[in-house]
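**Q** Next comes the structure file coords19.txt, holding compact mmCIF, C-alpha atoms and all ligand atoms.
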# COMPACT_ATOMS: atom_id res chain seq x y z
CA MET P 59 13.85 -23.16 -63.39
CA THR P 60 15.63 -20.02 -62.31
CA SER P 61 16.38 -19.82 -58.63
CA ASP P 62 14.57 -16.54 -58.20
CA LYS P 63 11.28 -17.62 -59.69
CA THR P 64 9.27 -17.59 -56.50
CA SER P 65 6.14 -19.61 -55.99
CA LYS P 66 4.13 -16.41 -56.32
CA ARG P 67 2.52 -15.65 -59.63
CA ARG P 68 4.19 -12.81 -61.45
CA ILE P 69 3.07 -9.40 -62.64
CA LEU P 70 4.74 -7.17 -65.15
CA THR P 71 3.49 -3.80 -66.24
CA GLY P 72 4.95 -0.43 -67.02
CA ASP P 73 4.62 3.17 -68.05
CA THR P 74 6.20 5.20 -70.77
CA PRO P 75 7.77 8.31 -69.23
CA THR P 76 5.87 10.99 -71.10
CA GLY P 77 5.00 13.16 -68.11
CA ARG P 78 3.31 12.95 -64.79
CA LEU P 79 0.71 10.30 -64.04
CA HIS P 80 -2.92 11.25 -63.48
CA LEU P 81 -6.11 9.92 -61.92
CA GLY P 82 -6.89 7.90 -65.07
CA HIS P 83 -3.65 5.97 -64.63
CA TYR P 84 -4.49 5.49 -60.98
CA VAL P 85 -7.92 3.89 -61.41
CA GLY P 86 -6.90 2.12 -64.62
CA SER P 87 -3.80 0.39 -63.35
CA LEU P 88 -1.79 1.89 -60.48
CA GLU P 89 -4.40 1.00 -57.91
CA ASN P 90 -4.17 -2.66 -58.96
CA ARG P 91 -0.40 -2.61 -58.83
CA VAL P 92 -0.32 -1.29 -55.29
CA ARG P 93 -2.96 -3.77 -54.16
CA LEU P 94 -1.27 -6.80 -55.69
CA GLN P 95 2.25 -6.16 -54.43
CA ASP P 96 2.14 -8.80 -51.71
CA GLU P 97 0.17 -11.38 -53.57
CA TYR P 98 2.34 -11.30 -56.69
CA ASP P 99 5.99 -11.10 -57.59
CA CYS P 100 5.82 -7.65 -59.16
CA TYR P 101 7.94 -6.03 -61.86
CA PHE P 102 7.26 -2.44 -62.85
CA LEU P 103 8.97 -1.31 -65.99
CA LEU P 104 10.04 2.21 -66.92
CA ALA P 105 9.64 2.12 -70.70
CA ASN P 106 12.15 4.87 -71.37
CA MET P 107 13.10 3.48 -74.79
CA HIS P 108 9.49 3.86 -75.89
CA ALA P 109 9.63 7.56 -75.11
CA PHE P 110 12.21 7.86 -77.89
CA THR P 111 9.65 6.76 -80.49
CA THR P 112 8.23 10.28 -80.58
CA ARG P 113 10.93 12.33 -78.82
CA ALA P 114 14.28 10.99 -79.99
CA ASP P 115 15.70 14.50 -79.87
CA LYS P 116 14.73 15.01 -76.21
CA ALA P 117 16.91 12.56 -74.33
CA ALA P 118 17.42 14.85 -71.34
CA GLU P 119 13.66 15.39 -71.01
CA ILE P 120 13.04 11.67 -71.18
CA ARG P 121 15.58 11.10 -68.43
CA GLN P 122 13.84 13.64 -66.19
CA ASP P 123 10.37 12.28 -67.03
CA THR P 124 11.61 8.84 -66.03
CA ILE P 125 12.60 10.15 -62.61
CA GLU P 126 9.24 11.90 -62.26
CA ILE P 127 7.34 8.68 -63.02
CA VAL P 128 9.23 6.88 -60.30
CA LYS P 129 8.21 9.65 -57.89
CA ASP P 130 4.59 9.04 -58.91
CA TRP P 131 5.03 5.31 -58.34
CA LEU P 132 6.57 5.80 -54.92
CA ALA P 133 3.87 8.33 -54.08
CA VAL P 134 1.00 5.94 -54.85
CA GLY P 135 2.61 3.30 -52.69
CA ILE P 136 4.68 1.13 -54.98
CA ASP P 137 7.23 -0.16 -52.55
CA PRO P 138 10.68 -0.90 -53.96
CA GLU P 139 11.31 -3.26 -51.04
CA ARG P 140 8.52 -5.52 -52.21
CA SER P 141 8.40 -4.87 -55.95
CA THR P 142 11.10 -4.59 -58.56
CA ILE P 143 11.44 -1.38 -60.54
CA VAL P 144 13.06 -2.07 -63.89
CA LEU P 145 14.61 0.46 -66.24
CA GLN P 146 14.05 -0.75 -69.78
CA THR P 147 17.39 0.47 -71.11
CA GLU P 148 19.18 -1.54 -68.42
CA VAL P 149 17.80 -4.75 -69.91
CA PRO P 150 19.35 -5.21 -73.36
CA ALA P 151 17.55 -8.54 -73.70
CA ILE P 152 14.35 -6.59 -74.30
CA ALA P 153 15.77 -5.03 -77.47
CA GLU P 154 17.17 -8.40 -78.49
CA LEU P 155 13.85 -10.17 -78.07
CA THR P 156 12.07 -7.38 -79.94
CA TRP P 157 14.09 -8.27 -83.03
CA TYR P 158 13.13 -11.94 -82.92
CA PHE P 159 9.52 -11.23 -82.03
CA ALA P 160 9.20 -8.82 -84.95
CA MET P 161 9.63 -11.85 -87.21
CA LEU P 162 6.71 -13.68 -85.63
CA VAL P 163 4.01 -11.13 -86.38
CA PRO P 164 2.84 -9.73 -89.71
CA PHE P 165 3.62 -6.04 -90.19
CA ASN P 166 -0.02 -5.40 -91.10
CA ARG P 167 -1.16 -7.00 -87.87
CA ILE P 168 0.79 -4.38 -85.94
CA MET P 169 -0.47 -1.52 -88.09
CA ARG P 170 -4.08 -2.64 -87.56
CA ASN P 171 -3.70 -2.27 -83.81
CA PRO P 172 -6.38 0.27 -82.81
CA THR P 173 -4.30 1.67 -79.95
CA LEU P 174 -1.49 2.50 -82.33
CA LYS P 175 -3.91 4.04 -84.83
CA THR P 176 -5.50 6.22 -82.16
CA GLU P 177 -2.10 7.36 -80.98
CA ILE P 178 -1.01 8.29 -84.50
CA GLU P 179 -4.15 10.38 -84.76
CA SER P 180 -4.17 11.99 -81.33
CA LYS P 181 -0.49 12.85 -81.47
CA GLY P 182 -0.91 14.19 -84.98
CA LEU P 183 1.88 12.00 -86.34
CA GLY P 184 0.28 11.73 -89.79
CA ASP P 185 2.55 9.65 -92.00
CA LYS P 186 5.68 11.18 -90.50
CA TYR P 187 6.13 8.81 -87.60
CA SER P 188 9.43 7.04 -87.26
CA PHE P 189 9.98 3.42 -88.19
CA GLY P 190 10.52 2.84 -84.49
CA PHE P 191 7.10 4.15 -83.55
CA PRO P 192 5.03 1.11 -84.57
CA MET P 193 7.91 -1.09 -83.48
CA TYR P 194 7.19 -0.17 -79.88
CA ALA P 195 4.15 -2.45 -80.11
CA VAL P 196 6.51 -5.38 -80.66
CA GLY P 197 8.90 -3.96 -78.07
CA GLN P 198 6.09 -3.99 -75.55
CA CYS P 199 5.68 -7.74 -76.12
CA ALA P 200 9.36 -8.15 -75.33
CA ASP P 201 8.99 -5.98 -72.20
CA ILE P 202 6.35 -8.33 -71.02
CA LEU P 203 7.59 -11.72 -72.10
CA ALA P 204 11.19 -11.16 -70.94
CA PHE P 205 9.75 -11.45 -67.45
CA ARG P 206 7.37 -14.32 -68.17
CA PRO P 207 4.53 -12.83 -66.14
CA ASP P 208 1.11 -14.33 -65.56
CA LEU P 209 -0.69 -11.01 -65.38
CA VAL P 210 -0.30 -7.58 -66.95
CA PRO P 211 -2.31 -4.86 -65.14
CA VAL P 212 -3.14 -2.17 -67.70
CA GLY P 213 -5.72 0.39 -68.69
CA VAL P 214 -8.29 -0.71 -71.24
CA ASP P 215 -6.48 1.05 -74.11
CA GLN P 216 -3.56 -1.34 -73.68
CA VAL P 217 -5.56 -4.54 -74.10
CA ALA P 218 -4.94 -4.57 -77.87
CA HIS P 219 -1.19 -4.63 -77.18
CA ILE P 220 -1.53 -7.50 -74.73
CA GLU P 221 -3.45 -9.45 -77.38
CA VAL P 222 -0.49 -9.11 -79.78
CA CYS P 223 1.79 -10.19 -76.96
CA ARG P 224 -0.27 -13.33 -76.42
CA GLU P 225 -0.17 -14.12 -80.13
CA ILE P 226 3.60 -13.73 -80.25
CA ALA P 227 4.08 -15.88 -77.14
CA ARG P 228 2.01 -18.67 -78.68
CA ARG P 229 3.83 -18.37 -81.98
CA PHE P 230 7.23 -18.48 -80.29
CA ASN P 231 6.32 -21.54 -78.22
CA GLN P 232 4.92 -23.31 -81.27
CA THR P 233 7.83 -22.42 -83.52
CA TYR P 234 10.76 -23.01 -81.19
CA CYS P 235 9.47 -25.19 -78.36
CA LYS P 236 7.26 -27.66 -80.23
CA VAL P 237 4.13 -26.64 -78.39
CA ASP P 238 1.14 -27.97 -80.30
CA THR P 239 -0.89 -25.36 -82.17
CA GLN P 240 -4.02 -26.73 -80.51
CA ALA P 241 -2.60 -26.43 -76.99
CA ASP P 242 -4.62 -24.49 -74.49
CA ASP P 243 -3.04 -21.18 -73.42
CA SER P 244 -2.80 -22.35 -69.83
CA GLU P 245 -0.83 -25.45 -70.89
CA HIS P 246 1.93 -23.76 -72.88
CA GLU P 247 4.55 -23.73 -70.14
CA LYS P 248 3.76 -27.27 -69.02
CA LEU P 249 4.18 -28.43 -72.61
CA GLY P 250 7.67 -26.94 -72.79
CA GLY P 251 6.84 -23.44 -74.00
CA VAL P 252 9.33 -20.81 -72.94
CA PHE P 253 6.67 -18.18 -72.42
CA PRO P 254 3.41 -18.16 -70.51
CA ILE P 255 0.45 -16.63 -72.35
CA PRO P 256 -0.07 -13.66 -70.03
CA GLU P 257 -3.41 -12.08 -69.32
CA ALA P 258 -4.36 -8.43 -69.15
CA LEU P 259 -5.87 -7.25 -65.90
CA VAL P 260 -7.93 -4.12 -66.49
CA GLY P 261 -8.46 -1.79 -63.56
CA ARG P 262 -11.67 -0.88 -61.78
CA VAL P 263 -12.24 1.96 -64.25
CA GLY P 264 -11.21 1.24 -67.81
CA ARG P 265 -11.69 4.77 -69.04
CA LEU P 266 -11.85 7.84 -66.84
CA VAL P 267 -13.38 10.87 -68.48
CA GLY P 268 -11.21 13.99 -68.35
CA THR P 269 -12.14 17.34 -66.88
CA ASP P 270 -13.44 18.40 -70.30
CA GLY P 271 -16.26 15.96 -69.60
CA LYS P 272 -15.80 14.31 -72.98
CA GLU P 273 -12.49 12.68 -73.84
CA LYS P 274 -10.51 10.11 -71.93
CA MET P 275 -8.29 11.74 -69.30
CA SER P 276 -4.95 12.36 -70.94
CA LYS P 277 -2.04 14.69 -70.45
CA SER P 278 -1.94 15.66 -74.11
CA LEU P 279 -5.62 16.65 -74.12
CA ASN P 280 -5.07 19.00 -71.21
CA ASN P 281 -7.95 17.50 -69.25
CA ALA P 282 -6.03 15.65 -66.55
CA ILE P 283 -5.95 15.83 -62.77
CA PHE P 284 -2.41 14.83 -61.90
CA LEU P 285 -1.50 12.77 -58.88
CA SER P 286 0.92 15.56 -58.06
CA ASP P 287 -1.68 18.35 -58.21
CA THR P 288 -2.11 20.51 -55.11
CA PRO P 289 -5.46 20.60 -53.25
CA LYS P 290 -6.07 23.98 -54.84
CA GLN P 291 -5.43 22.70 -58.36
CA VAL P 292 -7.76 19.76 -57.80
CA LYS P 293 -10.47 22.09 -56.58
CA LYS P 294 -10.05 24.44 -59.50
CA LYS P 295 -10.09 21.65 -62.10
CA ILE P 296 -13.14 19.89 -60.69
CA ASN P 297 -15.00 23.16 -60.26
CA ALA P 298 -14.39 23.89 -63.93
CA ILE P 299 -16.02 20.67 -65.19
CA TYR P 300 -19.07 21.45 -67.29
CA PRO P 301 -21.92 19.46 -65.75
CA GLY P 302 -23.30 18.43 -69.14
CA GLN P 303 -26.51 20.49 -68.78
CA SER P 304 -27.53 23.88 -67.68
CA ARG P 305 -30.01 23.77 -64.79
CA ASP P 306 -31.06 25.56 -61.64
CA PRO P 307 -30.67 23.81 -58.28
CA ASP P 308 -34.41 23.25 -58.10
CA GLN P 309 -34.74 21.84 -61.61
CA PRO P 310 -34.54 18.11 -62.29
CA GLY P 311 -31.28 16.98 -63.87
CA ASP P 312 -29.86 13.78 -65.31
CA PRO P 313 -26.85 12.50 -63.36
CA ASP P 314 -26.00 10.13 -66.22
CA ILE P 315 -24.98 12.98 -68.49
CA ASN P 316 -23.06 14.84 -65.79
CA PRO P 317 -19.40 13.76 -65.75
CA VAL P 318 -19.05 14.95 -62.15
CA PHE P 319 -21.18 11.96 -61.16
CA ASP P 320 -18.66 9.66 -62.86
CA TYR P 321 -16.10 11.06 -60.48
CA ALA P 322 -18.53 10.72 -57.58
CA ASP P 323 -19.09 7.04 -58.38
CA ILE P 324 -15.39 6.39 -58.66
CA PHE P 325 -13.91 8.43 -55.86
CA ILE P 326 -16.54 8.89 -53.13
CA LYS P 327 -16.43 5.86 -50.87
CA ASP P 328 -19.78 6.51 -49.18
CA GLU P 329 -22.18 4.92 -51.68
CA ALA P 330 -25.25 6.06 -49.76
CA LEU P 331 -24.10 9.65 -50.10
CA VAL P 332 -23.67 9.26 -53.87
CA ALA P 333 -27.09 7.62 -54.20
CA ASP P 334 -28.64 10.47 -52.24
CA LEU P 335 -26.92 13.11 -54.36
CA LYS P 336 -28.15 11.45 -57.55
CA ASP P 337 -31.64 11.18 -56.20
CA ARG P 338 -31.79 14.84 -55.22
CA TYR P 339 -30.25 15.86 -58.53
CA ARG P 340 -32.90 13.94 -60.42
CA ARG P 341 -35.67 15.53 -58.43
CA GLY P 342 -34.22 19.03 -58.53
CA ASP P 343 -34.21 19.06 -54.74
CA ASN P 344 -32.27 22.26 -54.22
CA LEU P 345 -28.98 20.70 -55.29
CA GLY P 346 -26.63 23.01 -57.17
CA ASP P 347 -23.67 21.77 -59.15
CA GLY P 348 -21.33 23.14 -56.52
CA HIS P 349 -22.95 20.83 -53.99
CA VAL P 350 -22.16 17.83 -56.16
CA LYS P 351 -18.63 18.98 -56.77
CA ALA P 352 -17.70 19.70 -53.16
CA PRO P 353 -17.73 16.09 -51.91
CA VAL P 354 -15.98 14.98 -55.11
CA ILE P 355 -13.20 17.49 -54.52
CA GLU P 356 -12.95 16.31 -50.94
CA ALA P 357 -12.77 12.63 -51.95
CA VAL P 358 -10.12 13.20 -54.61
CA ASN P 359 -8.02 15.25 -52.22
CA GLU P 360 -8.39 12.59 -49.56
CA LEU P 361 -7.06 10.03 -52.02
CA LEU P 362 -4.15 12.24 -53.05
CA GLU P 363 -3.18 13.43 -49.57
CA PRO P 364 -1.06 10.40 -48.55
CA MET P 365 0.54 10.49 -52.00
CA ARG P 366 1.52 14.11 -51.45
CA ALA P 367 3.10 13.19 -48.15
CA ARG P 368 5.16 10.36 -49.66
CA ARG P 369 6.15 12.46 -52.64
CA ALA P 370 7.38 15.31 -50.43
CA GLU P 371 10.34 13.12 -49.41
CA PHE P 372 11.56 13.10 -53.00
CA GLU P 373 10.83 16.72 -53.76
CA LYS P 374 13.50 17.84 -51.32
CA PRO P 375 16.97 18.70 -52.62
CA GLY P 376 18.71 15.46 -53.50
CA GLY P 377 15.37 13.82 -54.23
CA ASP P 378 16.25 12.98 -57.82
CA ASP P 379 19.44 11.29 -56.67
CA ALA P 380 17.48 9.26 -54.15
CA VAL P 381 15.20 8.11 -56.96
CA ILE P 382 18.14 7.21 -59.17
CA ASP P 383 19.61 5.20 -56.28
CA ILE P 384 16.36 3.27 -55.99
CA ILE P 385 16.41 2.43 -59.70
CA ARG P 386 20.07 1.43 -59.54
CA ALA P 387 19.76 -0.56 -56.35
CA ARG P 388 17.34 -2.95 -57.95
CA HIS P 389 19.56 -3.68 -60.89
CA GLN P 390 22.61 -4.10 -58.70
CA ALA P 391 20.84 -6.39 -56.24
CA ARG P 392 19.66 -8.49 -59.11
CA GLN P 393 23.16 -8.76 -60.43
CA ARG P 394 24.56 -9.76 -57.07
CA ARG P 395 21.97 -12.51 -56.86
CA ARG P 396 22.90 -13.77 -60.30
CA ARG P 397 26.54 -13.93 -59.39
CA ALA P 398 25.66 -15.83 -56.23
CA ASP P 399 23.48 -18.21 -58.24
CA ALA P 400 26.33 -18.87 -60.62
CA ARG P 401 28.68 -19.57 -57.70
CA ASP P 402 26.18 -21.99 -56.22
CA GLY P 403 26.43 -23.86 -59.45
CA GLN P 404 22.74 -23.37 -60.10
CA GLY P 405 23.35 -21.30 -63.15
CA VAL P 406 20.64 -19.25 -64.68
CA ASP P 407 18.62 -20.68 -67.47
CA GLY P 408 19.05 -18.86 -70.73
CA VAL P 409 15.46 -17.88 -70.83
CA GLU P 410 15.44 -15.33 -68.08
CA LEU P 411 17.25 -13.05 -70.48
CA TRP P 412 18.37 -10.40 -68.10
CA HIS P 413 21.55 -8.43 -68.29
CA ALA P 414 22.47 -5.44 -66.22
CA GLU P 415 25.79 -3.76 -65.96
N1 LIG A 501 2.59 1.24 -73.73
C1 LIG A 501 2.28 1.36 -72.33
C2 LIG A 501 1.50 2.67 -72.13
O1 LIG A 501 1.56 3.53 -72.98
C3 LIG A 501 3.51 1.37 -71.46
C4 LIG A 501 4.24 0.06 -71.49
C5 LIG A 501 5.45 -0.18 -72.04
C6 LIG A 501 3.79 -1.16 -70.93
N2 LIG A 501 5.82 -1.47 -71.86
C7 LIG A 501 4.84 -2.11 -71.18
C8 LIG A 501 2.63 -1.57 -70.26
C9 LIG A 501 4.70 -3.43 -70.79
C10 LIG A 501 2.51 -2.88 -69.86
C11 LIG A 501 3.55 -3.81 -70.14
O2 LIG A 501 0.86 2.82 -71.11
Could I get this file's structure written as C-alpha cells?
Ligand code: TRP

**A**
Amino acid sequence: MTSDKTSKRRILTGDTPTGRLHLGHYVGSLENRVRLQDEYDCYFLLANMHAFTTRADKAAEIRQDTIEIVKDWLAVGIDPERSTIVLQTEVPAIAELTWYFAMLVPFNRIMRNPTLKTEIESKGLGDKYSFGFPMYAVGQCADILAFRPDLVPVGVDQVAHIEVCREIARRFNQTYCKVDTQADDSEHEKLGGVFPIPEALVGRVGRLVGTDGKEKMSKSLNNAIFLSDTPKQVKKKINAIYPGQSRDPDQPGDPDINPVFDYADIFIKDEALVADLKDRYRRGDNLGDGHVKAPVIEAVNELLEPMRARRAEFEKPGGDDAVIDIIRARHQARQRRRRADARDGQGVDGVELWHAE
C-alpha cells in the first residue's frame, strides 16, 4: 500500500478547460466536491489534454482556460490545502495508461457512447473529428483509475463515461490480476485487483435547463449563467427567460412548464416561499412573471456573492501567477513526499503511477 493512501475514501473528478464554469456545473458536480472535501481524500483534475481533442491549434487559449477553471474552483470553495489539484499534463502515467486501456475496450463500444455521440453532434464535428477525439473517452478512464478513487462526482451526462471506466477496471483486474470474472465489484481490490470499480456520484441536479428554457445549460449553446457573472448579468439573463407561456398576472398558469420555477426549486432555499409562489401562479393570484423572477435572481446572486469575493483575490494583477503557483505547489509537494517515502525505504508501489517533474 502506498504511504499516502489515507484511511479516507478517495474522490477523483475533473473538468476540461473549455471556458468558464456555470450554474449547471455547480449543481451537477461542484457543489458535491466542495461538500465532500473533508470526508474524502479529494483529487480534482484539470483535463487540459482533453481540450486538445477539438482545439489542438489553440494551445495558448487552453493554457489560459486552465487558469480560469482553477479560479472557478477556488471561487466555489475548493480548498487547495485540503484537496489536491492535478494538472493532467503533469501526470504522464495518464497517457501511458490510456494506451493500455485502449486495448481492453472494443472500438465500437467507445463509439456507441451516447455522450460522445451528442458531443459530435452539438459541436458540429461531423466526420471530421480527430482520431484523438474519441480517444478522450479512454483517456478519461485513465484519469480516473490512475488515482484509484472510490467515487467520481459528475454531472449526469458523464455517467456513460464512468460506465466504460468501470468496464475497463474490471477487465484490467481480470486480465492482469487474476480477479475472477464473477467477482463482485466491491471485492475487486480485496481479491488482488489493482483498480477499484469506482462509482459515479451525480449531483443534486443532473440537468439544469439553460436560460433558453429548453436545452441543458451549456457554454456553447449560449444559455449559461456563469459563476463569474456580475449581479447585473445574472439579473439580465434571468429576466430574459421565456416563462413557457404567455399569461397575465391574474390568469392561471402552469409552473411545471415555466423554467423559472426550475430555478426557484433549485436555488431558493425557502421552500415555503416557492410553494406559495407556485400556488399563486396556478391560481392566477396577481403574480406576474417578474415577481417569480425577482426572488430567483436574489437567490442566485446570494449563492454567487461569496464566490465573487473569493475570485476577486485572483483577478488582481498577478492573479494568474498565484493560480499557477497553486497548481505547481501541489505537484512539488507530492514529489517531495515521494522522495521522502523512498528515503524511508517504504518505496512506492508501482501502481500509483504518478510522475511529476
Ligand atoms: N469529460 C469531463 C467533462 O467533460 C471532464 C473530465 C476529464 C473528467 N477527465 C475526467 C471528469 C475524469 C471526471 C473524471 O466534464

**Q** Residues within 6 Å of ligand LIG 501 (chain A), counting all atoms listed in the file: report them as a count of residues only.

**A** 8

**Q** Could you list, as a VMD selection string, every residue within 10 Å of Thr76 in chain P, counting all atoms listed in the file and ignoring same-chain residues fewer than 2 positions away?

**A** chain P and resid 73 to 74 78 to 79 105 to 106 108 to 110 112 to 113 119 to 120 122 to 124 126 to 127 277 to 278

**Q** At most 12 Å is the cut-off: for each residue in range 343-393 of chain P with any atom that close to an atom of range 139-149 of chain P, write down the nearest atom pair and the distance in Å rounded to one decimal, counting all atoms listed in the file, chain first then increasing number, as CSV.

**A**
residue,atom,partner,partner_atom,distance
P:Val381,CA,P:Ile143,CA,10.8
P:Ile382,CA,P:Leu145,CA,10.4
P:Asp383,CA,P:Ile143,CA,11.3
P:Ile384,CA,P:Ile143,CA,8.2
P:Ile385,CA,P:Ile143,CA,6.3
P:Arg386,CA,P:Leu145,CA,8.7
P:Ala387,CA,P:Ile143,CA,9.4
P:Arg388,CA,P:Thr142,CA,6.5
P:His389,CA,P:Val144,CA,7.3
P:Gln390,CA,P:Glu148,CA,10.6
P:Ala391,CA,P:Thr142,CA,10.2
P:Arg392,CA,P:Thr142,CA,9.4
P:Gln393,CA,P:Glu148,CA,11.5

**Q** Might you pull out every residue within 12 Å of Lys129 in chain P, with only C-alpha atoms counted and same-chain residues fewer than 6 positions away left off, and present them as a PyMOL selection string?

**A** chain P and resi 75+77-79+104+122-123+135-138+143+285-286+365-374+377-382+384-385

**Q** Quick check, in Å to one decimal: how far apart do CA of Ile296 in chain P and CA of Asp320 in chain P lie?

**A** 11.8 Å

**Q** Which distance in Å separates CA of Gly184 in chain P and CA of Ala160 in chain P, to one decimal?

**A** 22.9 Å

**Q** Using only C-alpha atoms, pick whichever of P:Asp323, P:Ala298, P:Asp312, P:Glu247 has the shortest atom-to-atom distance to Asp337 in chain P.

**A**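 Distance minimum relative to Asp337 in chain P lands on P:Asp312.
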
**Q** When distances are computed from only C-alpha atoms, which of P:Pro211, P:Gly311, P:Pro254, P:Pro364 shows the smallest separation from Ala133 in chain P?

**A**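 Ranking P:Pro211, P:Gly311, P:Pro254, P:Pro364 by distance to Ala133 in chain P, first place goes to P:Pro364.
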
**Q** Taking 5 positions as the minimum chain separation for residues in the same chain, which residues sit within 9 Å of range 171-180 of chain P when counting all atoms listed in the file? Answer as a list in words.

**A**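 Neighbouring residues, sequence-local ones excluded: Asn166, Asp185, Tyr187, Phe191, Pro192, Ala195, Asp215, Gln216, Val217, Ala218, His219, Val222, Ser278 and Leu279 of chain P.
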
**Q** Please reconstruct the missing atoms of range 148-171 of chain P (target: N, CA and C atoms) and return them as a short mmCIF file (atom, residue, chain, number, x, y, z; two decimals), keeping the file's coordinate frame.

**A**
data_model
loop_
_atom_site.label_atom_id
_atom_site.label_comp_id
_atom_site.auth_asym_id
_atom_site.auth_seq_id
_atom_site.Cartn_x
_atom_site.Cartn_y
_atom_site.Cartn_z
N GLU P 148 18.21 -0.73 -69.15
CA GLU P 148 19.18 -1.54 -68.42
C GLU P 148 19.02 -3.03 -68.74
N VAL P 149 18.07 -3.34 -69.60
CA VAL P 149 17.80 -4.75 -69.91
C VAL P 149 17.93 -4.95 -71.42
N PRO P 150 19.16 -5.09 -71.92
CA PRO P 150 19.35 -5.21 -73.36
C PRO P 150 18.59 -6.40 -73.97
N ALA P 151 18.29 -7.39 -73.17
CA ALA P 151 17.55 -8.54 -73.70
C ALA P 151 16.21 -8.12 -74.28
N ILE P 152 15.65 -7.03 -73.78
CA ILE P 152 14.35 -6.59 -74.30
C ILE P 152 14.50 -6.19 -75.77
N ALA P 153 15.55 -5.44 -76.07
CA ALA P 153 15.77 -5.03 -77.47
C ALA P 153 16.08 -6.25 -78.34
N GLU P 154 16.80 -7.18 -77.76
CA GLU P 154 17.17 -8.40 -78.49
C GLU P 154 15.92 -9.22 -78.84
N LEU P 155 15.08 -9.41 -77.83
CA LEU P 155 13.85 -10.17 -78.07
C LEU P 155 12.95 -9.48 -79.07
N THR P 156 12.93 -8.15 -79.03
CA THR P 156 12.07 -7.38 -79.94
C THR P 156 12.38 -7.78 -81.38
N TRP P 157 13.66 -7.92 -81.67
CA TRP P 157 14.09 -8.27 -83.03
C TRP P 157 13.53 -9.61 -83.44
N TYR P 158 13.65 -10.61 -82.58
CA TYR P 158 13.13 -11.94 -82.92
C TYR P 158 11.61 -11.95 -82.99
N PHE P 159 10.99 -11.27 -82.04
CA PHE P 159 9.52 -11.23 -82.03
C PHE P 159 8.96 -10.55 -83.27
N ALA P 160 9.69 -9.55 -83.78
CA ALA P 160 9.20 -8.82 -84.95
C ALA P 160 9.03 -9.75 -86.15
N MET P 161 9.73 -10.88 -86.12
CA MET P 161 9.63 -11.85 -87.21
C MET P 161 8.43 -12.77 -87.05
N LEU P 162 7.80 -12.72 -85.91
CA LEU P 162 6.71 -13.68 -85.63
C LEU P 162 5.33 -13.04 -85.76
N VAL P 163 5.30 -11.81 -86.27
CA VAL P 163 4.01 -11.13 -86.38
C VAL P 163 4.00 -10.34 -87.69
N PRO P 164 2.90 -10.47 -88.46
CA PRO P 164 2.84 -9.73 -89.71
C PRO P 164 2.85 -8.22 -89.46
N PHE P 165 3.56 -7.50 -90.31
CA PHE P 165 3.62 -6.04 -90.19
C PHE P 165 2.21 -5.43 -90.15
N ASN P 166 1.35 -5.95 -91.04
CA ASN P 166 -0.02 -5.40 -91.10
C ASN P 166 -0.82 -5.64 -89.82
N ARG P 167 -0.48 -6.71 -89.14
CA ARG P 167 -1.16 -7.00 -87.87
C ARG P 167 -0.85 -5.88 -86.86
N ILE P 168 0.39 -5.46 -86.84
CA ILE P 168 0.79 -4.38 -85.94
C ILE P 168 0.10 -3.08 -86.34
N MET P 169 0.09 -2.79 -87.63
CA MET P 169 -0.47 -1.52 -88.09
C MET P 169 -2.00 -1.45 -87.92
N ARG P 170 -2.62 -2.61 -87.77
CA ARG P 170 -4.08 -2.64 -87.56
C ARG P 170 -4.45 -2.39 -86.10
N ASN P 171 -3.45 -2.42 -85.24
CA ASN P 171 -3.70 -2.27 -83.81
C ASN P 171 -4.40 -0.93 -83.52
#
